[in-house]
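File shown: data_0.txt (compact mmCIF, C-alpha atoms).
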# COMPACT_ATOMS: atom_id res chain seq x y z
CA MET A 30 10.79 21.49 0.70
CA LEU A 31 10.69 21.49 4.47
CA LEU A 32 7.05 22.58 4.35
CA PHE A 33 6.13 19.58 2.17
CA GLU A 34 8.05 17.22 4.48
CA ASN A 35 6.01 18.57 7.36
CA LYS A 36 2.84 17.75 5.41
CA GLU A 37 4.10 14.21 4.87
CA GLN A 38 4.84 13.83 8.57
CA LYS A 39 1.42 15.23 9.44
CA LEU A 40 -0.21 12.55 7.28
CA ILE A 41 1.89 9.83 8.95
CA ASN A 42 0.95 11.18 12.38
CA THR A 43 -2.72 11.11 11.36
CA LEU A 44 -2.39 7.45 10.38
CA LYS A 45 -0.71 6.66 13.69
CA PHE A 46 -3.64 8.30 15.46
CA VAL A 47 -6.63 6.91 13.48
CA GLY A 48 -5.12 3.62 12.28
CA SER A 49 -4.49 1.91 8.97
CA PRO A 50 -6.67 2.36 5.85
CA PHE A 51 -6.35 -1.41 5.34
CA LYS A 52 -7.78 -3.28 8.30
CA LYS A 53 -9.48 -6.35 6.83
CA PHE A 54 -8.94 -8.64 3.87
CA VAL A 55 -12.18 -10.65 3.76
CA SER A 56 -15.28 -9.08 2.22
CA THR A 57 -18.62 -10.19 3.68
CA GLY A 58 -22.24 -9.94 2.66
CA GLU A 59 -23.08 -8.13 5.89
CA ILE A 60 -20.48 -5.34 5.88
CA LYS A 61 -21.02 -2.85 3.09
CA GLU A 62 -18.19 -2.34 0.60
CA ASP A 63 -18.01 1.21 -0.74
CA VAL A 64 -14.86 0.92 -2.86
CA GLY A 65 -15.71 0.01 -6.44
CA LEU A 66 -14.11 -2.49 -8.79
CA VAL A 67 -10.78 -1.83 -10.51
CA GLN A 68 -10.66 -1.13 -14.23
CA SER A 69 -9.88 -4.67 -15.40
CA ARG A 70 -13.01 -5.92 -13.63
CA GLN A 71 -15.39 -3.47 -15.30
CA GLU A 72 -15.94 -5.60 -18.40
CA PHE A 73 -16.39 -8.64 -16.16
CA LEU A 74 -19.03 -6.77 -14.15
CA GLN A 75 -20.80 -5.58 -17.29
CA ASN A 76 -21.05 -9.17 -18.59
CA ILE A 77 -22.89 -10.15 -15.42
CA ILE A 78 -25.18 -7.13 -15.62
CA ASN A 79 -26.02 -8.04 -19.24
CA VAL A 80 -27.12 -11.53 -18.17
CA ILE A 81 -29.26 -10.10 -15.35
CA GLU A 82 -30.97 -7.51 -17.53
CA ARG A 83 -31.60 -9.79 -20.51
CA ASN A 84 -32.94 -12.86 -18.69
CA GLU A 85 -35.70 -13.48 -16.17
CA ASN A 86 -34.97 -16.87 -14.54
CA PHE A 87 -31.48 -18.39 -14.52
CA ILE A 88 -28.57 -19.71 -12.49
CA LEU A 89 -25.31 -17.92 -13.32
CA PRO A 90 -22.08 -19.47 -11.99
CA ILE A 91 -19.18 -17.14 -11.16
CA ILE A 92 -15.84 -18.94 -10.90
CA GLY A 93 -13.05 -17.46 -8.83
CA SER A 94 -10.36 -18.92 -6.58
CA VAL A 95 -9.98 -17.98 -2.92
CA GLY A 96 -9.35 -14.26 -2.48
CA GLN A 97 -10.27 -13.13 -5.99
CA GLY A 98 -13.09 -10.93 -4.77
CA LYS A 99 -16.29 -12.93 -5.35
CA THR A 100 -18.01 -11.42 -2.32
CA HIS A 101 -16.81 -7.92 -3.19
CA LEU A 102 -18.55 -8.49 -6.52
CA TYR A 103 -21.88 -8.61 -4.64
CA TRP A 104 -21.41 -5.05 -3.39
CA ALA A 105 -20.34 -3.88 -6.83
CA LEU A 106 -23.57 -5.31 -8.28
CA LYS A 107 -25.67 -3.64 -5.57
CA ASN A 108 -24.03 -0.30 -6.31
CA GLU A 109 -24.56 -0.64 -10.06
CA LEU A 110 -28.04 -2.24 -10.04
CA TYR A 111 -29.68 -0.12 -7.37
CA ASN A 112 -33.09 -0.68 -8.99
CA TYR A 113 -32.80 -4.44 -8.29
CA ASN A 114 -33.33 -6.23 -5.00
CA ILE A 115 -29.99 -8.08 -4.74
CA VAL A 116 -29.84 -10.37 -1.72
CA TYR A 117 -26.70 -12.07 -0.40
CA ILE A 118 -26.82 -15.42 1.38
CA SER A 119 -24.14 -17.81 2.56
CA LEU A 120 -25.10 -21.48 2.80
CA GLU A 121 -23.11 -21.64 6.00
CA THR A 122 -25.64 -19.39 7.74
CA VAL A 123 -28.99 -20.16 6.03
CA TYR A 124 -28.96 -23.89 5.38
CA LYS A 125 -30.52 -24.87 8.73
CA LYS A 126 -33.92 -23.37 7.85
CA PHE A 127 -33.27 -22.52 4.24
CA TYR A 128 -36.53 -20.92 3.09
CA TYR A 129 -37.17 -19.12 6.37
CA ASN A 130 -33.65 -17.71 6.58
CA THR A 131 -33.62 -16.76 2.90
CA TYR A 132 -36.95 -14.95 3.38
CA ALA A 133 -35.49 -13.16 6.41
CA GLU A 134 -32.56 -11.98 4.27
CA PHE A 135 -34.97 -10.63 1.66
CA ILE A 136 -36.88 -8.71 4.33
CA GLU A 137 -33.61 -7.39 5.81
CA ASN A 138 -32.55 -6.23 2.37
CA LEU A 139 -35.68 -4.09 1.87
CA GLY A 140 -34.24 -1.28 3.98
CA GLU A 141 -31.70 -0.33 6.62
CA LYS A 142 -34.33 0.65 9.20
CA PRO A 143 -37.36 -1.41 10.35
CA GLU A 144 -39.81 1.14 8.93
CA GLU A 145 -38.05 1.05 5.57
CA ARG A 146 -38.42 -2.74 5.50
CA VAL A 147 -42.14 -2.88 6.24
CA GLU A 148 -43.19 -0.12 3.86
CA PRO A 149 -42.68 -2.25 0.69
CA LEU A 150 -44.68 -5.03 2.39
CA ARG A 151 -47.52 -2.64 3.18
CA ASN A 152 -47.59 -1.43 -0.41
CA MET A 153 -47.58 -5.01 -1.67
CA THR A 154 -50.45 -6.21 0.53
CA LYS A 155 -52.49 -3.11 -0.33
CA ARG A 156 -51.99 -3.66 -4.04
CA LEU A 157 -52.84 -7.37 -3.81
CA CYS A 158 -56.01 -6.75 -1.82
CA ASN A 159 -57.10 -4.17 -4.39
CA GLU A 160 -56.58 -6.78 -7.11
CA TRP A 161 -58.80 -9.13 -5.10
CA ASP A 162 -61.55 -6.48 -5.00
CA ALA A 163 -61.19 -5.82 -1.28
CA GLY A 164 -62.56 -2.34 -1.82
CA GLU A 165 -65.94 -1.99 -0.17
CA ARG A 166 -66.04 -0.69 3.39
CA LYS A 167 -68.77 -0.32 5.93
CA PHE A 168 -68.23 2.36 8.55
CA GLY A 169 -64.53 2.35 7.70
CA PHE A 170 -64.05 -1.36 8.35
CA PHE A 171 -64.41 -4.51 6.27
CA GLN A 172 -67.26 -6.84 7.04
CA ILE A 173 -66.31 -10.41 7.96
CA ALA A 174 -68.41 -11.75 5.10
CA ASP A 175 -66.60 -9.45 2.67
CA ILE A 176 -63.24 -10.75 3.90
CA GLU A 177 -64.30 -14.32 3.24
CA ASP A 178 -65.36 -13.37 -0.29
CA VAL A 179 -61.97 -11.71 -0.84
CA LYS A 180 -60.21 -14.88 0.34
CA LYS A 181 -62.17 -17.01 -2.10
CA LYS A 182 -61.40 -14.70 -4.99
CA ALA A 183 -57.70 -14.57 -4.08
CA LEU A 184 -57.50 -18.35 -3.88
CA LYS A 185 -59.22 -18.68 -7.25
CA ILE A 186 -56.79 -16.24 -8.89
CA TRP A 187 -53.67 -17.82 -7.38
CA SER A 188 -54.59 -21.50 -7.14
CA LYS A 189 -52.83 -22.41 -10.39
CA LYS A 190 -49.62 -20.60 -9.38
CA PHE A 191 -49.05 -22.48 -6.11
CA GLU A 192 -48.82 -26.21 -5.43
CA ASP A 193 -49.53 -26.16 -1.69
CA LYS A 194 -53.08 -24.84 -1.30
CA ASP A 195 -53.09 -24.99 2.51
CA SER A 196 -49.97 -22.81 2.75
CA LEU A 197 -51.37 -20.48 0.11
CA MET A 198 -54.58 -20.07 2.11
CA ASP A 199 -52.59 -19.14 5.22
CA VAL A 200 -50.57 -16.56 3.28
CA ILE A 201 -53.73 -15.07 1.75
CA THR A 202 -55.36 -14.95 5.19
CA ALA A 203 -52.39 -13.06 6.63
CA ILE A 204 -52.26 -10.59 3.72
CA ILE A 205 -55.98 -9.83 3.93
CA ALA A 206 -55.85 -9.48 7.71
CA HIS A 207 -53.00 -7.01 7.30
CA GLN A 208 -55.03 -4.78 4.98
CA CYS A 209 -58.63 -5.45 5.89
CA ASP A 210 -58.83 -6.03 9.63
CA PRO A 211 -57.63 -3.10 11.76
CA TYR A 212 -57.74 -5.23 14.91
CA LYS A 213 -55.31 -7.80 13.48
CA LYS A 214 -53.08 -5.53 11.39
CA LEU A 215 -50.11 -5.46 13.78
CA GLU A 216 -50.08 -9.23 14.36
CA ALA A 217 -50.41 -9.83 10.62
CA GLU A 218 -47.49 -7.48 9.95
CA ARG A 219 -45.35 -9.33 12.47
CA TRP A 220 -46.22 -12.59 10.70
CA LEU A 221 -45.38 -11.13 7.29
CA ILE A 222 -41.92 -9.92 8.32
CA GLY A 223 -41.15 -13.39 9.69
CA GLU A 224 -41.35 -12.88 13.44
CA LEU A 225 -41.74 -16.02 15.54
CA MET A 226 -45.26 -16.17 16.95
CA ASP A 227 -46.88 -18.14 19.76
CA ILE A 228 -50.08 -20.14 19.53
CA ARG A 229 -52.23 -17.31 20.88
CA ASP A 230 -51.03 -14.83 18.24
CA LEU A 231 -51.51 -17.38 15.46
CA SER A 232 -54.99 -18.20 16.73
CA ARG A 233 -56.00 -14.53 16.56
CA LEU A 234 -55.00 -14.52 12.91
CA ASN A 235 -56.74 -17.85 12.28
CA LEU A 236 -53.41 -19.39 11.27
CA LYS A 237 -51.71 -22.62 12.35
CA TYR A 238 -48.06 -21.77 11.63
CA ASP A 239 -45.64 -18.91 11.29
CA LEU A 240 -42.91 -18.76 8.64
CA ARG A 241 -40.77 -21.41 10.32
CA LYS A 242 -42.97 -23.93 8.54
CA THR A 243 -41.20 -24.96 5.32
CA ASN A 244 -44.12 -24.72 2.92
CA ILE A 245 -45.34 -21.47 4.44
CA ALA A 246 -41.89 -19.89 4.10
CA PHE A 247 -41.52 -21.00 0.48
CA THR A 248 -45.00 -19.77 -0.44
CA MET A 249 -44.43 -16.39 1.20
CA LEU A 250 -40.99 -16.11 -0.45
CA LYS A 251 -42.63 -16.71 -3.83
CA VAL A 252 -45.34 -14.13 -3.10
CA LEU A 253 -42.76 -11.56 -2.00
CA ILE A 254 -40.42 -11.97 -4.96
CA GLU A 255 -43.15 -12.09 -7.59
CA ASN A 256 -45.06 -9.09 -6.25
CA LEU A 257 -42.42 -6.60 -5.15
CA LYS A 258 -41.89 -3.68 -7.50
CA LYS A 259 -38.17 -4.48 -7.75
CA GLU A 260 -36.75 -7.45 -9.66
CA SER A 261 -34.85 -9.89 -7.42
CA VAL A 262 -31.37 -11.40 -7.63
CA LEU A 263 -30.26 -14.05 -5.12
CA PHE A 264 -26.47 -14.09 -4.69
CA ILE A 265 -25.34 -17.41 -3.12
CA ASP A 266 -21.69 -17.28 -2.09
CA ASP A 267 -19.32 -20.27 -1.82
CA PHE A 268 -21.81 -22.60 -3.48
CA GLU A 269 -19.36 -25.52 -3.40
CA ARG A 270 -20.36 -25.96 0.26
CA ILE A 271 -23.41 -27.77 -1.09
CA ILE A 272 -21.14 -30.72 -1.89
CA THR A 273 -19.72 -31.20 1.60
CA MET A 274 -22.85 -30.41 3.63
CA LYS A 275 -23.63 -33.87 4.99
CA THR A 276 -24.08 -33.76 8.77
CA PRO A 277 -27.39 -33.29 10.65
CA ILE A 278 -27.74 -29.65 11.58
CA TYR A 279 -30.76 -29.32 13.85
CA GLU A 280 -30.92 -29.55 17.58
CA THR A 281 -34.34 -30.49 18.91
CA THR A 282 -35.82 -27.66 20.94
CA GLU A 283 -39.30 -26.40 21.62
CA GLU A 284 -38.82 -23.80 18.89
CA THR A 285 -37.46 -26.16 16.24
CA GLU A 286 -39.89 -29.04 16.70
CA GLU A 287 -42.32 -27.37 14.29
CA ILE A 288 -39.66 -26.77 11.63
CA GLU A 289 -39.03 -28.37 8.23
CA GLU A 290 -40.88 -31.67 8.51
CA VAL A 291 -41.35 -34.20 5.73
CA PHE A 292 -44.89 -34.87 6.98
CA ASP A 293 -46.94 -33.74 9.93
CA PRO A 294 -46.51 -36.41 12.66
CA SER A 295 -49.56 -35.00 14.45
CA TRP A 296 -51.60 -36.98 11.95
CA PHE A 297 -50.45 -40.08 13.84
CA GLY A 298 -50.51 -38.49 17.28
CA THR A 299 -46.72 -38.56 17.54
CA LYS A 300 -44.23 -35.88 18.46
CA GLN A 301 -42.75 -33.96 15.54
CA THR A 302 -38.99 -34.25 15.00
CA PRO A 303 -36.70 -32.07 12.90
CA GLU A 304 -35.47 -33.23 9.53
CA ASN A 305 -31.79 -34.11 9.18
CA TYR A 306 -30.50 -32.07 6.32
CA THR A 307 -27.92 -33.19 3.79
CA SER A 308 -26.44 -31.46 0.80
CA GLU A 309 -28.97 -33.22 -1.42
CA LYS A 310 -31.95 -31.79 0.46
CA VAL A 311 -30.54 -28.29 0.52
CA LEU A 312 -29.82 -28.52 -3.21
CA ASP A 313 -33.41 -29.63 -3.78
CA LYS A 314 -34.65 -26.50 -2.00
CA ILE A 315 -32.38 -24.24 -4.04
CA LEU A 316 -33.54 -25.85 -7.28
CA ASP A 317 -37.16 -25.37 -6.21
CA LEU A 318 -36.48 -21.63 -6.20
CA GLN A 319 -36.66 -21.86 -9.99
CA LYS A 320 -40.44 -22.12 -9.53
CA ILE A 321 -40.42 -18.48 -8.46
CA ARG A 322 -41.07 -16.28 -11.49
CA GLY A 323 -38.41 -13.68 -12.14
CA LEU A 324 -35.86 -14.91 -9.60
CA ARG A 325 -32.32 -14.62 -10.91
CA ILE A 326 -29.72 -16.69 -9.06
CA ILE A 327 -25.96 -16.07 -9.03
CA ILE A 328 -23.73 -18.72 -7.45
CA THR A 329 -20.01 -18.34 -6.76
CA LEU A 330 -17.64 -21.29 -6.78
CA LYS A 331 -13.89 -21.77 -6.38
CA SER A 332 -13.37 -23.89 -9.50
CA ILE A 333 -14.86 -25.36 -12.66
CA ASP A 334 -14.46 -28.83 -11.11
CA TYR A 335 -16.93 -27.92 -8.37
CA LEU A 336 -19.35 -26.62 -10.99
CA GLU A 337 -19.15 -29.82 -13.01
CA GLU A 338 -19.85 -31.92 -9.92
CA ILE A 339 -22.88 -29.78 -9.07
CA LYS A 340 -24.14 -30.01 -12.65
CA ARG A 341 -23.96 -33.81 -12.42
CA LYS A 342 -26.05 -33.70 -9.26
CA ILE A 343 -28.63 -31.45 -10.94
CA GLU A 344 -28.78 -33.68 -14.01
CA LYS A 345 -29.67 -36.68 -11.85
CA LYS A 346 -32.52 -34.72 -10.26
CA ASN A 347 -33.95 -32.92 -13.27
CA ARG A 348 -32.01 -32.60 -16.50
CA LYS A 349 -34.25 -29.77 -17.70
CA LEU A 350 -32.96 -27.54 -14.90
CA LEU A 351 -29.54 -27.51 -16.56
CA LEU A 352 -31.14 -25.39 -19.27
CA MET A 353 -31.54 -22.67 -16.64
CA MET A 354 -27.80 -22.61 -15.98
CA LYS A 355 -25.83 -20.00 -17.88
CA LYS A 356 -22.28 -20.35 -19.14
CA PRO A 357 -19.93 -19.64 -16.21
CA ILE A 358 -18.11 -16.31 -16.03
CA ILE A 359 -14.50 -16.59 -14.87
CA MET A 360 -12.85 -14.05 -12.56
CA SER A 361 -9.26 -13.15 -13.34
CA ASP A 362 -6.46 -11.98 -11.04
CA PHE A 363 -5.42 -8.34 -10.76
CA VAL A 364 -3.09 -6.93 -13.37
CA GLU A 365 -0.36 -4.63 -12.09
CA GLN A 366 -2.26 -1.44 -12.89
CA ASP A 367 -5.19 -2.71 -10.81
CA VAL A 368 -3.02 -2.67 -7.69
CA PHE A 369 -2.24 1.01 -8.22
CA GLN A 370 -5.91 1.85 -8.75
CA PHE A 371 -7.10 -0.33 -5.86
CA TYR A 372 -4.60 1.30 -3.52
CA LYS A 373 -5.56 4.84 -4.54
CA ASN A 374 -9.29 4.13 -4.39
CA ASN A 375 -9.00 2.83 -0.85
CA LEU A 376 -6.86 5.75 0.31
CA ASP A 377 -9.24 8.26 -1.27
CA PHE A 378 -12.20 6.66 0.47
CA PHE A 379 -10.37 6.36 3.80
CA PHE A 380 -9.18 9.96 4.01
CA ALA A 381 -12.57 11.23 2.82
CA SER A 382 -14.25 9.21 5.58
CA ILE A 383 -12.11 10.88 8.28
CA ASN A 384 -12.42 14.33 6.62
CA TYR A 385 -8.66 14.67 6.12
CA ASN A 386 -8.81 17.18 3.27
CA ASP A 387 -5.04 17.84 3.24
CA TYR A 388 -4.60 14.46 1.57
CA PHE A 389 -6.55 15.59 -1.48
CA LYS A 390 -4.75 18.96 -1.55
CA HIS A 391 -1.22 17.59 -1.42
CA PHE A 392 -1.21 13.84 -2.22
CA SER A 393 -4.07 13.19 -4.63
CA THR A 394 -1.65 12.49 -7.53
CA SER A 395 0.99 10.57 -5.53
CA PHE A 396 1.15 7.14 -3.90
CA PHE A 397 2.35 8.51 -0.57
CA PRO A 398 2.94 7.08 1.99
CA LEU A 399 3.90 4.19 -0.30
CA ASN A 400 5.52 4.49 -3.71
CA LYS A 401 5.31 2.78 -7.08
CA ALA A 402 8.19 0.42 -6.32
CA VAL A 403 6.47 -0.86 -3.17
CA LEU A 404 3.20 -1.41 -5.05
CA LYS A 405 5.04 -3.30 -7.80
CA TYR A 406 6.63 -5.46 -5.10
CA THR A 407 3.20 -6.07 -3.57
CA PHE A 408 1.74 -7.14 -6.90
CA LYS A 409 4.64 -9.52 -7.54
CA LYS A 410 4.50 -11.14 -4.10
CA ALA A 411 0.70 -11.47 -4.15
CA LYS A 412 0.80 -12.96 -7.68
CA GLY A 413 -2.16 -10.79 -8.60
CA ASN A 414 -4.53 -12.28 -6.00
CA PRO A 415 -6.64 -9.42 -4.58
CA ARG A 416 -6.84 -10.84 -1.06
CA GLU A 417 -3.07 -11.37 -0.95
CA VAL A 418 -2.58 -7.80 -2.17
CA ILE A 419 -4.68 -6.58 0.74
CA LYS A 420 -2.72 -8.75 3.18
CA TYR A 421 0.54 -7.16 2.07
CA LEU A 422 -0.92 -3.66 2.29
CA ILE A 423 -2.21 -4.42 5.80
CA LYS A 424 1.26 -5.62 6.81
CA ILE A 425 3.02 -2.55 5.41
CA PHE A 426 0.60 -0.03 6.91
CA ASN A 427 0.67 -1.78 10.28
CA GLU A 428 4.42 -1.25 10.33
CA ILE A 429 4.00 2.39 9.36
CA VAL A 430 1.42 2.95 12.09
CA THR A 431 3.24 1.09 14.90
CA SER A 432 6.94 1.49 14.12
CA ASN A 433 9.15 4.33 15.32
CA GLU A 434 11.46 3.93 12.32
CA GLU A 435 11.59 6.44 9.49
CA LEU A 436 9.20 5.76 6.62
CA GLU A 437 12.05 5.33 4.11
CA LYS A 438 13.62 2.66 6.31
CA ILE A 439 10.36 0.73 6.57
CA LEU A 440 9.73 0.82 2.83
CA GLU A 441 13.23 -0.48 2.01
CA ASN A 442 12.01 -3.95 2.96
CA TYR A 443 9.25 -3.78 0.34
CA HIS A 444 11.09 -2.76 -2.80
CA GLN A 445 11.03 -5.06 -5.77
CA GLY A 446 14.21 -7.07 -5.96
Encoded form using structure tokens:
Amino acid sequence: MLLFENKEQKLINTLKFVGSPFKKFVSTGEIKEDVGLVQSRQEFLQNIINVIERNENFILPIIGSVGQGKTHLYWALKNELYNYNIVYISLETVYKKFYYNTYAEFIENLGEKPEERVEPLRNMTKRLCNEWDAGERKFGFFQIADIEDVKKKALKIWSKKFEDKDSLMDVITAIIAHQCDPYKKLEAERWLIGELMDIRDLSRLNLKYDLRKTNIAFTMLKVLIENLKKESVLFIDDFERIITMKTPIYETTEETEEIEEVFDPSWFGTKQTPENYTSEKVLDKILDLQKIRGLRIIITLKSIDYLEEIKRKIEKKNRKLLLMMKKPIIMSDFVEQDVFQFYKNNLDFFFASINYNDYFKHFSTSFFPLNKAVLKYTFKKAKGNPREVIKYLIKIFNEIVTSNEELEKILENYHQG
């Protein structure tokens, strides 16, 4: 018995040294979540996967109140649908230059390292140029005349798929330069991954704009999504922000003067000014994404009321777009058993991450350092809300880690009563 008590104390000492297994209660799209969903959420997850796999273009609303785990759902989908390109965006961070920032998120999502991100782009441009018959070489390089012929053929093939022919021509020029002109390959690759470029670099590529230009960014986003080998899912979190987004969001700087214009003021010899965005304009841009073949969109909202208000806005713009919207899927709170599973999953992952193998030898079937009564108390106080559950677990473990009191004394304050 004394030996087991020593093992318990060793685990407590380890926690005091390395810290609590529960250190945050807000999931984000940037920080990877490795702990999977609890059992009661598996059917919920499968319903979403069924919609994704059985449909090509849609908007799927996910309804869940604050703290129910909508963002954590994103990581669960990425883990399950590893053969899809699932991209997370928050309107709070991308709405200033919506298409450009959304494109940047897609590029970021292609791989963890820079080389991993550009490789799919290289494969895509190579495949597209082959489709445009860019196959004849002279002394290992393409002739200028051949490149012009390839451009014409590409424009002819794609002209019916894109509304803005000028932007399409710029995108085609960049793609062909990337594959067919060894002297411009690096600059073209920088343009394709969305780097900001000066006038000299753009001139070398025979281009006027980089991807900060609205129409260029949208065209390139469409090209990327429709021609990558992976199917794409855009996960837009906290979509109700679209309702309250009403203030101007641009500051005029040298870098932003070329961004997101309604028309090109240079036609009149006047200085270009940034567009003042409102929720209506951002919503228009999101709805335009439906023009991209194969793009599946998931939106998360806090309530059905928000969804109904957004649907009314969409109906005023284009009633047909409501046909793209799927029936909302509602997230439920944790049931009591979920708290037990969630707690154990997190402890298993935590102790595995610090290579504390004694935990799995001696405590894999117990709830130590907590107990069932404390977890029942946590579920009751949190009322089943996942974020509130995590808050309580953070509070309890912080006391365990920082207090000099005996564990039993600490846990007495967290027994169901």
With distances taken over only C-alpha atoms, which residue among A:Glu218, A:Ile326, A:Arg270, A:Gln319 lies nearest Asn347 in chain A? A:Gln319
Separation of CA of Leu318 in chain A from CA of Lys251 in chain A, in Å and rounded to one decimal: 8.2 Å
Residues of range 362-402 of chain A that have any atom at most 10 Å from an atom of range 39-51 of chain A: could you tabulate them with the shortest-distance atom pair and the distance in Å to one decimal, using all atoms listed in the file, ordered by chain and increasing number, as JSON lines?
{"residue": "A:Tyr372", "atom": "CA", "partner": "A:Phe51", "partner_atom": "CA", "distance": 9.4}
{"residue": "A:Asn375", "atom": "CA", "partner": "A:Pro50", "partner_atom": "CA", "distance": 7.1}
{"residue": "A:Leu376", "atom": "CA", "partner": "A:Pro50", "partner_atom": "CA", "distance": 6.5}
{"residue": "A:Asp377", "atom": "CA", "partner": "A:Pro50", "partner_atom": "CA", "distance": 9.6}
{"residue": "A:Phe378", "atom": "CA", "partner": "A:Pro50", "partner_atom": "CA", "distance": 8.8}
{"residue": "A:Phe379", "atom": "CA", "partner": "A:Pro50", "partner_atom": "CA", "distance": 5.8}
{"residue": "A:Phe380", "atom": "CA", "partner": "A:Pro50", "partner_atom": "CA", "distance": 8.2}
{"residue": "A:Ile383", "atom": "CA", "partner": "A:Val47", "partner_atom": "CA", "distance": 8.5}
{"residue": "A:Tyr385", "atom": "CA", "partner": "A:Thr43", "partner_atom": "CA", "distance": 8.7}
{"residue": "A:Asp387", "atom": "CA", "partner": "A:Leu40", "partner_atom": "CA", "distance": 8.2}
{"residue": "A:Tyr388", "atom": "CA", "partner": "A:Leu40", "partner_atom": "CA", "distance": 7.5}
{"residue": "A:Phe392", "atom": "CA", "partner": "A:Leu40", "partner_atom": "CA", "distance": 9.6}
{"residue": "A:Phe397", "atom": "CA", "partner": "A:Leu40", "partner_atom": "CA", "distance": 9.2}
{"residue": "A:Pro398", "atom": "CA", "partner": "A:Ile41", "partner_atom": "CA", "distance": 7.6}
Between CA of Met360 in chain A and CA of Val403 in chain A, what is the distance, to one decimal in Å?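 CA of Val403 in chain A lies 25.2 Å from CA of Met360 in chain A.
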Determine the nearest neighbour of Met153 in chain A from the options A:Ile439, A:Ile118, A:Val95, A:Leu257, counting only C-alpha atoms.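 When distances to Met153 in chain A are compared using only C-alpha atoms, the smallest one comes from A:Leu257.
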Do a neighbour search on Lys190 in chain A at 12 Å with only C-alpha atoms, toss out local chain neighbours closer than 2 positions, and write the hits as a list of chain:residue names. A:Ala183, A:Leu184, A:Lys185, A:Ile186, A:Trp187, A:Ser188, A:Glu192, A:Asp193, A:Lys194, A:Leu197, A:Thr248, A:Lys251, A:Val252, A:Glu255, A:Lys320, A:Ile321, A:Arg322
Of A:Ile115, A:Ile265, A:Ala411, A:Leu253, the one sitting nearest Gly96 in chain A when using only C-alpha atoms is A:Ala411
Go through A:Val80, A:Val200, A:Ile92, A:Val262 and flag the residue nearest Tyr113 in chain A, using only C-alpha atoms for the distances. A:Val262
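With CA of Phe426 in chain A on one side and CA of Phe396 in chain A on the other, the separation reads 13.0 Å.
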So which residues are close to (-39.2, -5.7, -5.1), meaning at most 12 Å away in the file's coordinates with all atoms listed in the file counted, and can you show them as a PyMOL selection string? chain A and resi 111-116+135-136+138-140+146+148-150+152-153+250-262+323-324
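Nearest to Glu417 in chain A of all the residues A:Glu134, A:Asp362, A:Asp227, A:Glu338 is A:Asp362, counting all atoms listed in the file.
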Taking all listed atoms of range 390-407 of chain A, build the axis-aligned box, pad each of the six sides by 6 Å, then write its centre and edge lengths in Å to one decimal as lines of an AutoDock Vina configuration file.
center_x = 1.7
center_y = 6.4
center_z = -2.9
size_x = 24.9
size_y = 37.0
size_z = 21.8
Selection near range 236-247 of chain A, 8 Å with all atoms listed in the file, sequence-local residues under 5 positions removed, as a ChimeraX atom specification: /A:126,128-129,132,193,196-197,199-200,202-203,220,223-226,228,231,287-290
Which residue is closest to Tyr124 in chain A? Choose from A:Ile201, A:Phe268, A:Ala105, A:Leu110 and count all atoms listed in the file.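 Among the listed residues, the smallest separation from Tyr124 in chain A belongs to A:Phe268.
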Exercise: Ser119 in chain A partners within 12 Å, all atoms listed in the file, chain neighbours under 5 positions left out, as a PyMOL selection string: chain A and resi 57-59+100+103+124-125+127+130-131+134+263-271+327-330
